[in-house]
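Undergrad: Handing you a structure now.
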Amino acid sequence: MPKVKTNRAAAKRFKRTGTGLVARAKAYKSHILTKKSKKRKRNLRQGTLVHASDMGRVNRLLPGT
């Protein structure tokens, strides 16, 4: 049986943590930043974890990690 390929787009966006969870960056930080408050932009810099309900989809995209 052939090897299962990792989705390369997902591999660039998600990182597996030491405990097996998946880290991701927050959205809405790329453009139209003038109308967003400093506090909102500062909080968007911090990463977060993928929600439990989305873990199945992300695990399917990242089989080898």
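Ordering of the structure tokens sets the chain letters (A, B, ...); residue numbers start at 1 within each chain; ligands are numbered from 1 in the order shown.
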So which bits of chain A end up strand (DSSP E or B) when you DSSP the backbone, as a PyMOL selection string?
TA: chain A and resi 14-16+22-24+48-49
Undergrad: For the residues selected in the previous step, produce a file with N, CA, C and O atoms as a CSV table (one decimal), in the first residue's frame.
TA:
```csv
chain,number,residue,atom,x,y,z
A,14,PHE,N,-0.2,24.6,10.3
A,14,PHE,CA,-0.4,24.0,11.6
A,14,PHE,C,0.9,23.3,12.1
A,14,PHE,O,1.7,22.8,11.3
A,15,LYS,N,1.1,23.3,13.4
A,15,LYS,CA,2.2,22.7,14.0
A,15,LYS,C,1.7,21.8,15.2
A,15,LYS,O,0.8,22.2,15.9
A,16,ARG,N,2.2,20.6,15.3
A,16,ARG,CA,1.9,19.7,16.3
A,16,ARG,C,2.6,20.0,17.6
A,16,ARG,O,3.8,20.3,17.6
A,22,VAL,N,-2.8,20.6,18.2
A,22,VAL,CA,-2.4,21.3,17.0
A,22,VAL,C,-2.5,22.8,17.2
A,22,VAL,O,-3.5,23.3,17.6
A,23,ALA,N,-1.4,23.5,17.0
A,23,ALA,CA,-1.3,24.9,17.1
A,23,ALA,C,-1.6,25.6,15.8
A,23,ALA,O,-1.2,25.0,14.7
A,24,ARG,N,-2.2,26.8,15.9
A,24,ARG,CA,-2.5,27.5,14.6
A,24,ARG,C,-2.3,29.0,14.9
A,24,ARG,O,-2.4,29.4,16.1
A,48,THR,N,-3.0,30.0,18.9
A,48,THR,CA,-4.0,29.3,19.7
A,48,THR,C,-4.0,27.9,19.2
A,48,THR,O,-3.3,27.5,18.3
A,49,LEU,N,-4.9,27.1,19.9
A,49,LEU,CA,-5.0,25.7,19.5
A,49,LEU,C,-6.2,25.4,18.6
A,49,LEU,O,-7.2,26.2,18.7
```
Undergrad: I need the residues in chain A that are helix (DSSP H, G or I) according to DSSP; give them as a PyMOL selection string.
TA: chain A and resi 8-13+38-45+52-61
Undergrad: Write the residues of the preceding selection, restricted to N, CA and C atoms, as a short mmCIF file (atom, residue, chain, number, x, y, z; two decimals), in the first residue's frame.
TA:
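Output file part.cif follows:
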```
data_model
loop_
_atom_site.label_atom_id
_atom_site.label_comp_id
_atom_site.auth_asym_id
_atom_site.auth_seq_id
_atom_site.Cartn_x
_atom_site.Cartn_y
_atom_site.Cartn_z
N ARG A 8 0.33 19.66 1.99
CA ARG A 8 1.42 20.61 2.19
C ARG A 8 0.93 21.98 2.64
N ALA A 9 -0.26 22.40 2.18
CA ALA A 9 -0.81 23.68 2.61
C ALA A 9 -1.10 23.65 4.11
N ALA A 10 -1.64 22.54 4.59
CA ALA A 10 -1.94 22.40 6.01
C ALA A 10 -0.65 22.31 6.83
N ALA A 11 0.37 21.64 6.29
CA ALA A 11 1.63 21.48 7.02
C ALA A 11 2.30 22.82 7.28
N LYS A 12 2.06 23.81 6.39
CA LYS A 12 2.65 25.14 6.57
C LYS A 12 1.86 25.97 7.58
N ARG A 13 0.60 25.62 7.83
CA ARG A 13 -0.26 26.41 8.68
C ARG A 13 -0.40 25.88 10.11
N LYS A 38 -5.65 48.59 18.73
CA LYS A 38 -4.33 48.07 19.10
C LYS A 38 -4.47 46.79 19.90
N LYS A 39 -5.41 46.77 20.82
CA LYS A 39 -5.61 45.60 21.66
C LYS A 39 -6.00 44.38 20.82
N ARG A 40 -6.88 44.59 19.84
CA ARG A 40 -7.32 43.49 18.99
C ARG A 40 -6.17 42.94 18.16
N LYS A 41 -5.37 43.84 17.58
CA LYS A 41 -4.23 43.41 16.76
C LYS A 41 -3.17 42.71 17.61
N ARG A 42 -2.97 43.20 18.83
CA ARG A 42 -2.00 42.57 19.74
C ARG A 42 -2.44 41.16 20.10
N ASN A 43 -3.73 40.96 20.35
CA ASN A 43 -4.25 39.63 20.69
C ASN A 43 -4.22 38.70 19.49
N LEU A 44 -4.30 39.24 18.28
CA LEU A 44 -4.25 38.40 17.08
C LEU A 44 -2.85 37.86 16.83
N ARG A 45 -1.82 38.49 17.44
CA ARG A 45 -0.45 37.99 17.25
C ARG A 45 -0.23 36.65 17.92
N ALA A 52 -11.34 21.23 19.40
CA ALA A 52 -11.51 19.77 19.42
C ALA A 52 -12.41 19.28 18.31
N SER A 53 -13.42 20.07 17.93
CA SER A 53 -14.34 19.64 16.88
C SER A 53 -13.70 19.66 15.50
N ASP A 54 -12.58 20.36 15.34
CA ASP A 54 -11.88 20.41 14.05
C ASP A 54 -10.68 19.47 14.00
N MET A 55 -10.34 18.84 15.12
CA MET A 55 -9.14 18.00 15.16
C MET A 55 -9.19 16.85 14.17
N GLY A 56 -10.35 16.26 13.96
CA GLY A 56 -10.46 15.15 13.02
C GLY A 56 -10.06 15.55 11.62
N ARG A 57 -10.54 16.71 11.17
CA ARG A 57 -10.19 17.20 9.83
C ARG A 57 -8.71 17.50 9.71
N VAL A 58 -8.15 18.15 10.74
CA VAL A 58 -6.74 18.52 10.69
C VAL A 58 -5.86 17.26 10.74
N ASN A 59 -6.24 16.28 11.55
CA ASN A 59 -5.46 15.04 11.62
C ASN A 59 -5.47 14.30 10.30
N ARG A 60 -6.55 14.39 9.55
CA ARG A 60 -6.61 13.76 8.24
C ARG A 60 -5.66 14.43 7.26
N LEU A 61 -5.46 15.75 7.41
CA LEU A 61 -4.55 16.48 6.52
C LEU A 61 -3.10 16.28 6.90
#
```
Undergrad: Would you mind reading off the distance between atom CA of A:Gly47 and atom CA of A:Tyr28, one decimal, in Å?
TA: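 Here the two named atoms are 12.5 Å from each other.
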Undergrad: Just give me the gap between atom CA of A:Thr19 and atom CA of A:Lys5 in Å, one decimal is fine.
TA: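 Here the two named atoms are 22.7 Å from each other.
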